[in-house]
Each structure stands twice: as structure tokens, then as C-alpha cells.
Amino acid sequence: MLSQQLLNGITLGATYALIALGYTMVYGIIQLINFAHGEIYMVGAFVGVLMVSVFQQGLLVSLVAAMLACMIMGVTIERIAYRPLRRSTRLAPLISAIGVSIFLQTLMTKIKGPQPVAFPPVINDALYKLGPVEISKVQIIILIVASLLMAGLHFIVKYVKIGKAMRAASEDYDTAALMGINVNRVISFTFAIGSALAAAGGVLVGIYFNSVSPFMGVLAGLKAFCAAVLGGIGSIPGAMLGGLFLGVAETLGVAGGFDLYKDAIAFTLLIIVLLFRPTGLLGRPIQRKV
Amino acid sequence: MLKVEDVHVYYGAIHAIKGISLEVPQGQIVTLIGANGAGKTSTLNTICGLIKPKSGRITFEGKDITGMATPEIVKMGLTQVPEGRRIFANMPVYENLELGAFLNKNKKEVAEAMENVYTRFPRLRERKNQLAGSLSGGEQQMLAMGRALMSKPRLLLLDEPSMGLSPILVKEIFSIIKELNEQGTTILLVEQNAKMALSIAHRGYVVETGRIVLAGDAKELLESPEVKRAYLGG
């Protein structure tokens, strides 16, 4: 029973982690909470639906298409809505992000209507027994895809040149420029990667819960944001850990009889963790520059 | 090599640099001295393209670089070691150095440049896998300089390399600066430690509240009564 719930929690948490990574990477570089990130996730899910239903594509092609579409969207949003506000107060891009978020929700409602739609059948789900736990094919796919994407991200950030540039820019923007790093390009790249991960999350969640709606990004985005803060905003391993932690806590909470409070669990946890560790689980202590 | 002509910089309504002009001839060490808040760092950052001047002209090897993006300027062979060192504290020493050669795609050249830096600063080799933030102040200054050297700059801007270092380390850093210059790197040195700076420089400029108030041969400035009174405590 417990191991079953843990497995379900990890699956859910993996999707939170995919979304949380986008929040944390963008924040790490430009100190912006990208409130439109949940909507990128939502659009990703819809692109997945479109690819499967209209273009009759399989899971892999649909997933890649959703990721590519959202990459372009994420980069475009940054160019139009955030970059012109780079040197203004910190509040301005934040408000701009909320504007983008409302715009995308409304646009999608206009196109697809406000009702949730079912994700068209793309895989024949099956249940496998692994000792005491049952795992579905969808769960296996979610776990594999999420692990591969996170491993890929880790590799890029750690070993690839643009990933090193990302880390440098997130530590010190101006000094990164002094190294010859084109910081604007690094920011675009960050938005591209973060958006692609969110899109993958959107497609996977759409399949998992068999439901896609223009408003699915609101709560998922908020929870993933909690996961990012919980793990320590700006920290990539923190976002992964925060997402998993949140998914497991939520699932165990529901199994423990708090199903009416399902959505409150994330926020309660956030408050408790921040009380004891204001910088999150893996966050760095705040350094004040003298 | 570098020519700054009548540059004005504003921070909002504050007129921080009020028409600075200076020149750095090839092969020399030129120093910019002055008190805190005089506009020395702003001048360097304007040269590097981190701040856009309101008016004025900056040319590097005859090319106009006014308002150019920083990476483009770095590509031309002009690098800055920023004030307070600004090393990437959460990255190991070797990654800091790698980033210094970010624009160089030739892996062999980068490896050679790194070897040169390690030879010049053996302490960095000993600590190459350590996080840069765990280095001592002097080691961090060496790392910041090593990182800048990775791009093989023809003109090196140094912003207060002596800040926060013990006298013996200051001496060491200055002898390295002199050595670099003798090996062919032109240097623009910003310092509060006027005596040290003037003792190794060829030319000097004295900045006060955003203006150049005195300019001349470094030896002469060292002897000039105004400089002595204001900066050398004599």
C-alpha cells in the first residue's frame, strides 16, 4: 500500500519537477518568476493532443513536436514580453508575465473552449505487477521520459559550453558578458530548454490524467513553482528534489485521508519548509555583496 | 591603442562621468587613480560596453567601439578584470579559467592558455578542482587575472587589483602586472593605491568627481605636490 502510493507520488512528482525546472532556471538567470510558465505547459499539452488527433502521430513524435513548439513560444515570449523590460524595475516583467499568462489562457479558451478535453488514445495502457506494486505503462513512460530529460539537462548544464555559460550568467550577469558570453543568447536558450521541459510535462500529464484544459496550467504551474521554491529557487537539483518531494507528499496526503485538502498540501509544505529553511532545501544561503 | 574622447555617463539623473578623455598607447601601463566614487570603475565599464555613454567616443585600435556589445569588444582583444574580482564562486577554478576562453573554439589553444596560467600562478594549479569561492583573497585575485589572460587580451583593464589584499600580496600582484606588460600586454590600471600604481605605470590620470583633473608622466605625478597632498598623504 505504502510502496504503491510512493510510486504514484514519484510519477506525479516527476511531472512537477519537469515544470519546476523551467521556473528555477529562468529565475536563476534573470530573477524573474515566469508566471506564464504554467501556460507553456498547457499549450504543450494541447500541441500533443493536436499531433495525436489531427496528425495521427505516435507518442514520441507528438512529444518532440510539443517540445519544439513550446521552445519557440518560450523564446518568443521572452523577446516580446520580458527583454524590453530587462533594465526596468523588477515588478514590470512580473506583471508582464501575468499578462502573458492570462493572454494564453484566454486564447486557448477561445480556440478550444473552456471545457477539458480528453487526451486521444495514443498508447494501449496496461498494468504490470511488480511484487506488491502495480505500475501502469503510462507511469513507466512518464518515469523514463522524465529521467531521460533530466539527465540530458544535467549533462548540458554540467558539460556543454552553453550550459557552463548558463551557470556563469546565473552567478554574475555582467562578468559573464566580460568573458565574451552573449548573455541574451544564454537567456533565450534558458527559455527554450525550460519551455521544452514544461511541454513534455504537459503531454505526459495530459496522457496520465486523460484531460487537457486551458486552465490546467494554473494550479500545476503554481504547484511547480512551490516545488521550485521548496527545493531552493535557482537550484536545478533543488527543483528536481522539490518536485518529487511535493508529488510524494501530495499522494501520501490523499491516501492518508486528506483528499479534500489535496491542493493545500503543496502550499502548507512550502510554508513549513520556508519557516525552517528560508532558501529552500538545496538553496544557497543568500550572499550579500559588500 | 585605446582612445577615450569626451565621454559622458549618466545613471538616471546623476551625471557620473563628466567628459573624460584619456589615451592608452600600445605597450604601456596607464593608470587611473582617484578616490572612491570618482568614476574610475564607471569609466572602465563604459570602455567594456557594460554601460552605454550618453555622448563621447571610444576607439580601440582605430575602431569605434562606443556602445558596442561587451562580447564583441572582448572578441577584439580587450578584457577587464573587474573590481572585487567577481570570480564564479560556485564553479571550480578550472571552469572559471575555461570561461575566460569562452570565445576560443580551438581546444588545443585553450589547453595551452590554461597551462600558461597555471605556470604563472602555481597556486591555481594546486587548487584547480576547488570551488573558486573557497580560495583566499589573493588567490581569487590571481584567478580573476588568470581568467582574463585566458582570452589572450592585447589590452587588459584592471580594476583595483590590490583591493583587500595584504601589502605583501599587493606587491606580488603588482610585480605580475609589470611582468605581463613587459611580455607585451598593454594595461589600463585603476587604483586607489596611487603610490603603487604610479610606481609601475608609464602614464597616469587623476580622476575627481567624474573629471580628469591631472594627467601626465607617472614619475612626474608621483612627485607632483597636488598628488602627494591628496593621495599619498605627504
# chains A, B, ... in the order shown; residues from 1 in each chain; ligands from 1
$ residues_around --residues "Ala196 of chain A" --least-positions-apart "2" --cutoff "9 Å" --atoms "only C-alpha atoms" --output "ChimeraX atom specification"
/A:22,40-41,44,64,66-72,74,191-194,198-201
$ residues_around --residues "segment 33-36 of chain B" --least-positions-apart "6" --cutoff "12 Å" --atoms "only C-alpha atoms" --output "MDAnalysis selection string"
chainID B and resid 42:43 158:160 163 188:198 201 203:216 218 221:222 227 230:232
$ closest_residue --among "B:Gln28, B:Ser55, B:Asn129, B:Thr79" --to "Asn96 of chain B" --atoms "only C-alpha atoms"
B:Asn129
$ closest_residue --among "A:Met1, A:Met216, A:Cys226, A:Leu32" --to "Leu91 of chain A" --atoms "only C-alpha atoms"
A:Leu32
$ closest_residue --among "B:Leu99, B:Leu135, B:Ala16, B:Ile58" --to "chain A" --atoms "only C-alpha atoms"
B:Leu99
$ interface_residues --of "chain A" --to "chain B" --cutoff "9 Å" --atoms "only C-alpha atoms" --output "PyMOL selection string"
chain A and resi 161+164-165+167-168+171-172+174-183
$ write_last_selection --atoms "C-alpha atoms" --output "short mmCIF file (atom, residue, chain, number, x, y, z; two decimals), in the first residue's frame"
data_model
loop_
_atom_site.label_atom_id
_atom_site.label_comp_id
_atom_site.auth_asym_id
_atom_site.auth_seq_id
_atom_site.Cartn_x
_atom_site.Cartn_y
_atom_site.Cartn_z
CA LYS A 161 29.65 25.09 -23.27
CA LYS A 164 28.55 26.48 -18.48
CA ALA A 165 27.65 29.89 -19.86
CA ARG A 167 25.77 28.79 -14.86
CA ALA A 168 28.15 31.70 -15.25
CA GLU A 171 26.11 33.69 -10.93
CA ASP A 172 27.11 37.03 -12.35
CA ASP A 174 27.97 41.35 -16.15
CA THR A 175 31.06 39.27 -15.52
CA ALA A 176 29.69 36.58 -17.83
CA ALA A 177 29.49 39.24 -20.53
CA LEU A 178 33.11 40.16 -19.80
CA MET A 179 34.05 36.57 -20.62
CA GLY A 180 32.62 37.12 -24.08
CA ILE A 181 29.39 35.29 -23.31
CA ASN A 182 26.42 36.63 -25.25
CA VAL A 183 24.08 36.82 -22.29
#
$ select_by_dssp --residues "segment 54-262 of chain A" --states "strand (DSSP E or B)" --output "tab-separated table (two decimals) with C-alpha atoms, in the first residue's frame"
chain	number	residue	atom	x	y	z
A	117	VAL	CA	-10.85	17.61	-23.49
A	127	LEU	CA	-0.90	-2.74	-15.77
A	128	TYR	CA	2.16	-4.65	-14.66
A	129	LYS	CA	2.63	-6.28	-11.29
A	130	LEU	CA	5.96	-5.71	-9.61
A	133	VAL	CA	3.02	-2.67	-6.50
A	134	GLU	CA	1.17	-2.21	-9.74
A	135	ILE	CA	2.69	0.04	-12.33
A	136	SER	CA	0.95	1.18	-15.48
A	212	VAL	CA	-6.33	18.72	-21.09
$ select_by_dssp --residues "segment 2-205 of chain B" --states "alpha helix (DSSP H)" --output "ChimeraX atom specification"
/B:40-47,70-75,93-100,107-120,122-126,137-149,167-182,194-200
$ write_last_selection --atoms "C-alpha atoms" --output "compact mmCIF listing (two decimals), in the first residue's frame"
# COMPACT_ATOMS: atom_id res chain seq x y z
CA LYS B 40 37.08 55.12 -12.24
CA THR B 41 35.04 51.93 -12.39
CA SER B 42 32.33 53.61 -14.45
CA THR B 43 34.99 54.62 -16.94
CA LEU B 44 36.24 51.04 -17.27
CA ASN B 45 32.74 49.65 -17.55
CA THR B 46 31.92 52.17 -20.25
CA ILE B 47 35.01 51.13 -22.21
CA THR B 70 30.55 43.59 -24.45
CA PRO B 71 31.20 40.17 -26.05
CA GLU B 72 32.09 41.90 -29.34
CA ILE B 73 34.59 44.11 -27.55
CA VAL B 74 36.09 41.13 -25.74
CA LYS B 75 36.45 39.39 -29.09
CA VAL B 93 38.93 27.01 -10.56
CA TYR B 94 39.44 25.23 -13.88
CA GLU B 95 35.90 26.07 -15.04
CA ASN B 96 36.48 29.73 -14.23
CA LEU B 97 39.54 29.61 -16.44
CA GLU B 98 37.67 27.80 -19.21
CA LEU B 99 35.05 30.52 -19.20
CA GLY B 100 37.80 33.08 -19.66
CA LYS B 107 40.54 23.27 -27.68
CA LYS B 108 44.30 22.95 -28.06
CA GLU B 109 44.82 26.68 -27.74
CA VAL B 110 42.60 26.79 -24.67
CA ALA B 111 44.58 23.97 -23.07
CA GLU B 112 47.81 25.84 -23.83
CA ALA B 113 46.48 29.08 -22.41
CA MET B 114 45.42 27.23 -19.27
CA GLU B 115 48.85 25.68 -18.95
CA ASN B 116 50.37 29.16 -19.22
CA VAL B 117 48.10 30.47 -16.49
CA TYR B 118 48.97 27.52 -14.23
CA THR B 119 52.65 28.15 -14.83
CA ARG B 120 52.28 31.80 -13.95
CA PRO B 122 51.14 27.70 -9.50
CA ARG B 123 48.68 28.11 -6.62
CA LEU B 124 45.83 27.86 -9.12
CA ARG B 125 47.12 24.55 -10.41
CA GLU B 126 47.18 23.16 -6.88
CA GLY B 137 41.50 36.80 -1.42
CA GLY B 138 44.91 36.77 -3.04
CA GLU B 139 44.24 33.51 -4.83
CA GLN B 140 40.92 34.88 -6.06
CA GLN B 141 42.69 37.91 -7.49
CA MET B 142 45.13 35.60 -9.25
CA LEU B 143 42.21 33.58 -10.56
CA ALA B 144 40.48 36.71 -11.84
CA MET B 145 43.66 37.75 -13.62
CA GLY B 146 44.31 34.26 -14.93
CA ARG B 147 40.76 34.08 -16.21
CA ALA B 148 41.22 37.34 -18.09
CA LEU B 149 44.52 36.14 -19.55
CA PRO B 167 50.79 44.51 1.49
CA ILE B 168 52.91 41.53 0.55
CA LEU B 169 50.24 40.23 -1.83
CA VAL B 170 49.79 43.70 -3.30
CA LYS B 171 53.48 43.71 -4.12
CA GLU B 172 53.19 40.31 -5.74
CA ILE B 173 50.17 41.30 -7.82
CA PHE B 174 51.90 44.47 -8.99
CA SER B 175 55.02 42.63 -9.99
CA ILE B 176 52.86 40.27 -12.03
CA ILE B 177 51.19 43.24 -13.71
CA LYS B 178 54.58 44.63 -14.59
CA GLU B 179 55.70 41.28 -15.92
CA LEU B 180 52.59 40.95 -18.08
CA ASN B 181 53.27 44.36 -19.52
CA GLU B 182 56.89 43.51 -20.27
CA ALA B 194 48.15 55.71 -6.02
CA LYS B 195 51.73 55.21 -4.96
CA MET B 196 51.93 51.60 -6.06
CA ALA B 197 50.09 52.27 -9.28
CA LEU B 198 52.22 55.25 -10.28
CA SER B 199 55.41 53.40 -9.43
CA ILE B 200 54.82 50.79 -12.14
$ residues_around --residues "Gly67 of chain B" --least-positions-apart "5" --cutoff "8 Å" --atoms "only C-alpha atoms" --output "number ranges by chain"
B: 49, 51-53
$ residues_around --residues "Ala14 of chain A" --least-positions-apart "6" --cutoff "8 Å" --atoms "only C-alpha atoms" --output "MDAnalysis selection string"
chainID A and resid 142:143 146 240 243:244 247
$ residues_around --residues "Thr11 of chain A" --least-positions-apart "6" --cutoff "12 Å" --atoms "only C-alpha atoms" --output "PDB file with N, CA and C atoms, in the first residue's frame"
ATOM      1  N   GLN A   4       3.003   1.407  -3.112  1.00  0.00           N
ATOM      2  CA  GLN A   4       2.180   1.788  -4.258  1.00  0.00           C
ATOM      3  C   GLN A   4       1.994   3.310  -4.296  1.00  0.00           C
ATOM      4  N   GLN A   5       1.678   3.870  -3.127  1.00  0.00           N
ATOM      5  CA  GLN A   5       1.463   5.321  -3.076  1.00  0.00           C
ATOM      6  C   GLN A   5       2.749   6.074  -3.382  1.00  0.00           C
ATOM      7  N   ALA A  17       8.404  18.177 -11.298  1.00  0.00           N
ATOM      8  CA  ALA A  17       9.819  18.527 -11.425  1.00  0.00           C
ATOM      9  C   ALA A  17      10.109  19.080 -12.816  1.00  0.00           C
ATOM     10  N   LEU A  18       9.501  18.457 -13.837  1.00  0.00           N
ATOM     11  CA  LEU A  18       9.734  18.942 -15.203  1.00  0.00           C
ATOM     12  C   LEU A  18       9.306  20.398 -15.337  1.00  0.00           C
ATOM     13  N   ILE A 135       2.236  -1.129 -11.594  1.00  0.00           N
ATOM     14  CA  ILE A 135       2.692   0.044 -12.329  1.00  0.00           C
ATOM     15  C   ILE A 135       2.089  -0.004 -13.726  1.00  0.00           C
ATOM     16  N   SER A 136       1.573   1.145 -14.166  1.00  0.00           N
ATOM     17  CA  SER A 136       0.950   1.178 -15.484  1.00  0.00           C
ATOM     18  C   SER A 136       1.985   1.565 -16.525  1.00  0.00           C
ATOM     19  N   LYS A 137       1.663   1.265 -17.769  1.00  0.00           N
ATOM     20  CA  LYS A 137       2.561   1.589 -18.869  1.00  0.00           C
ATOM     21  C   LYS A 137       2.797   3.098 -18.919  1.00  0.00           C
ATOM     22  N   VAL A 138       1.720   3.860 -18.694  1.00  0.00           N
ATOM     23  CA  VAL A 138       1.848   5.324 -18.723  1.00  0.00           C
ATOM     24  C   VAL A 138       2.834   5.784 -17.662  1.00  0.00           C
ATOM     25  N   GLN A 139       2.730   5.191 -16.483  1.00  0.00           N
ATOM     26  CA  GLN A 139       3.657   5.570 -15.414  1.00  0.00           C
ATOM     27  C   GLN A 139       5.104   5.265 -15.807  1.00  0.00           C
ATOM     28  N   ILE A 140       5.282   4.104 -16.408  1.00  0.00           N
ATOM     29  CA  ILE A 140       6.648   3.746 -16.829  1.00  0.00           C
ATOM     30  C   ILE A 140       7.162   4.768 -17.827  1.00  0.00           C
ATOM     31  N   ILE A 141       6.288   5.126 -18.781  1.00  0.00           N
ATOM     32  CA  ILE A 141       6.709   6.102 -19.791  1.00  0.00           C
ATOM     33  C   ILE A 141       7.057   7.431 -19.138  1.00  0.00           C
ATOM     34  N   ILE A 142       6.210   7.893 -18.223  1.00  0.00           N
ATOM     35  CA  ILE A 142       6.482   9.166 -17.547  1.00  0.00           C
ATOM     36  C   ILE A 142       7.821   9.120 -16.840  1.00  0.00           C
ATOM     37  N   LEU A 143       8.047   8.029 -16.112  1.00  0.00           N
ATOM     38  CA  LEU A 143       9.298   7.945 -15.357  1.00  0.00           C
ATOM     39  C   LEU A 143      10.512   7.910 -16.285  1.00  0.00           C
ATOM     40  N   ILE A 144      10.386   7.161 -17.383  1.00  0.00           N
ATOM     41  CA  ILE A 144      11.531   7.071 -18.302  1.00  0.00           C
ATOM     42  C   ILE A 144      11.785   8.416 -18.985  1.00  0.00           C
ATOM     43  N   VAL A 145      10.714   9.009 -19.524  1.00  0.00           N
ATOM     44  CA  VAL A 145      10.895  10.278 -20.243  1.00  0.00           C
ATOM     45  C   VAL A 145      11.447  11.359 -19.308  1.00  0.00           C
ATOM     46  N   ALA A 146      10.849  11.442 -18.118  1.00  0.00           N
ATOM     47  CA  ALA A 146      11.304  12.474 -17.178  1.00  0.00           C
ATOM     48  C   ALA A 146      12.765  12.250 -16.784  1.00  0.00           C
ATOM     49  N   SER A 147      13.134  11.001 -16.536  1.00  0.00           N
ATOM     50  CA  SER A 147      14.532  10.739 -16.151  1.00  0.00           C
ATOM     51  C   SER A 147      15.481  11.082 -17.284  1.00  0.00           C
ATOM     52  N   GLY A 201       6.192  17.848 -19.862  1.00  0.00           N
ATOM     53  CA  GLY A 201       5.343  17.629 -18.693  1.00  0.00           C
ATOM     54  C   GLY A 201       3.870  17.701 -19.064  1.00  0.00           C
ATOM     55  N   LEU A 204       2.746  14.561 -20.957  1.00  0.00           N
ATOM     56  CA  LEU A 204       2.729  13.391 -20.072  1.00  0.00           C
ATOM     57  C   LEU A 204       1.549  13.451 -19.099  1.00  0.00           C
ATOM     58  N   VAL A 205       1.322  14.631 -18.521  1.00  0.00           N
ATOM     59  CA  VAL A 205       0.205  14.767 -17.582  1.00  0.00           C
ATOM     60  C   VAL A 205      -1.123  14.596 -18.310  1.00  0.00           C
ATOM     61  N   TYR A 208      -1.575  11.004 -18.645  1.00  0.00           N
ATOM     62  CA  TYR A 208      -1.739  10.372 -17.333  1.00  0.00           C
ATOM     63  C   TYR A 208      -3.148  10.591 -16.782  1.00  0.00           C
ATOM     64  N   PHE A 209      -3.604  11.836 -16.804  1.00  0.00           N
ATOM     65  CA  PHE A 209      -4.930  12.143 -16.252  1.00  0.00           C
ATOM     66  C   PHE A 209      -6.013  12.159 -17.314  1.00  0.00           C
ATOM     67  N   GLY A 243      10.150  18.876  -6.691  1.00  0.00           N
ATOM     68  CA  GLY A 243       9.035  18.287  -7.435  1.00  0.00           C
ATOM     69  C   GLY A 243       8.689  16.908  -6.907  1.00  0.00           C
ATOM     70  N   LEU A 244       9.702  16.078  -6.744  1.00  0.00           N
ATOM     71  CA  LEU A 244       9.464  14.715  -6.253  1.00  0.00           C
ATOM     72  C   LEU A 244       8.873  14.741  -4.840  1.00  0.00           C
ATOM     73  N   PHE A 245       9.453  15.566  -4.009  1.00  0.00           N
ATOM     74  CA  PHE A 245       9.012  15.714  -2.626  1.00  0.00           C
ATOM     75  C   PHE A 245       7.529  16.090  -2.577  1.00  0.00           C
ATOM     76  N   LEU A 246       7.182  17.066  -3.403  1.00  0.00           N
ATOM     77  CA  LEU A 246       5.806  17.547  -3.427  1.00  0.00           C
ATOM     78  C   LEU A 246       4.852  16.470  -3.932  1.00  0.00           C
ATOM     79  N   GLY A 247       5.250  15.779  -5.003  1.00  0.00           N
ATOM     80  CA  GLY A 247       4.391  14.738  -5.575  1.00  0.00           C
ATOM     81  C   GLY A 247       4.132  13.639  -4.562  1.00  0.00           C
ATOM     82  N   VAL A 248       5.182  13.213  -3.884  1.00  0.00           N
ATOM     83  CA  VAL A 248       5.043  12.142  -2.895  1.00  0.00           C
ATOM     84  C   VAL A 248       4.177  12.625  -1.722  1.00  0.00           C
ATOM     85  N   ALA A 249       4.456  13.834  -1.241  1.00  0.00           N
ATOM     86  CA  ALA A 249       3.696  14.345  -0.102  1.00  0.00           C
ATOM     87  C   ALA A 249       2.217  14.454  -0.442  1.00  0.00           C
ATOM     88  N   GLU A 250       1.930  14.932  -1.636  1.00  0.00           N
ATOM     89  CA  GLU A 250       0.542  15.113  -2.035  1.00  0.00           C
ATOM     90  C   GLU A 250      -0.171  13.763  -2.122  1.00  0.00           C
ATOM     91  N   THR A 251       0.487  12.796  -2.761  1.00  0.00           N
ATOM     92  CA  THR A 251      -0.130  11.485  -2.920  1.00  0.00           C
ATOM     93  C   THR A 251      -0.340  10.805  -1.565  1.00  0.00           C
TER      94      THR A 251
END
$ atom_distance --atom1 "atom CA of Thr279 of chain A" --atom2 "atom CA of Leu7 of chain A"
27.9 Å
$ residues_around --residues "Ile77 of chain A" --least-positions-apart "3" --cutoff "9 Å" --atoms "only C-alpha atoms" --output "JSON, numbers by chain"
{"A": [36, 72, 73, 74, 80, 81, 82, 83, 97, 100, 191]}
$ closest_residue --among "A:Ala65, A:Ile95, A:Ala239, A:Ala220" --to "Val52 of chain A" --atoms "only C-alpha atoms"
A:Ala65
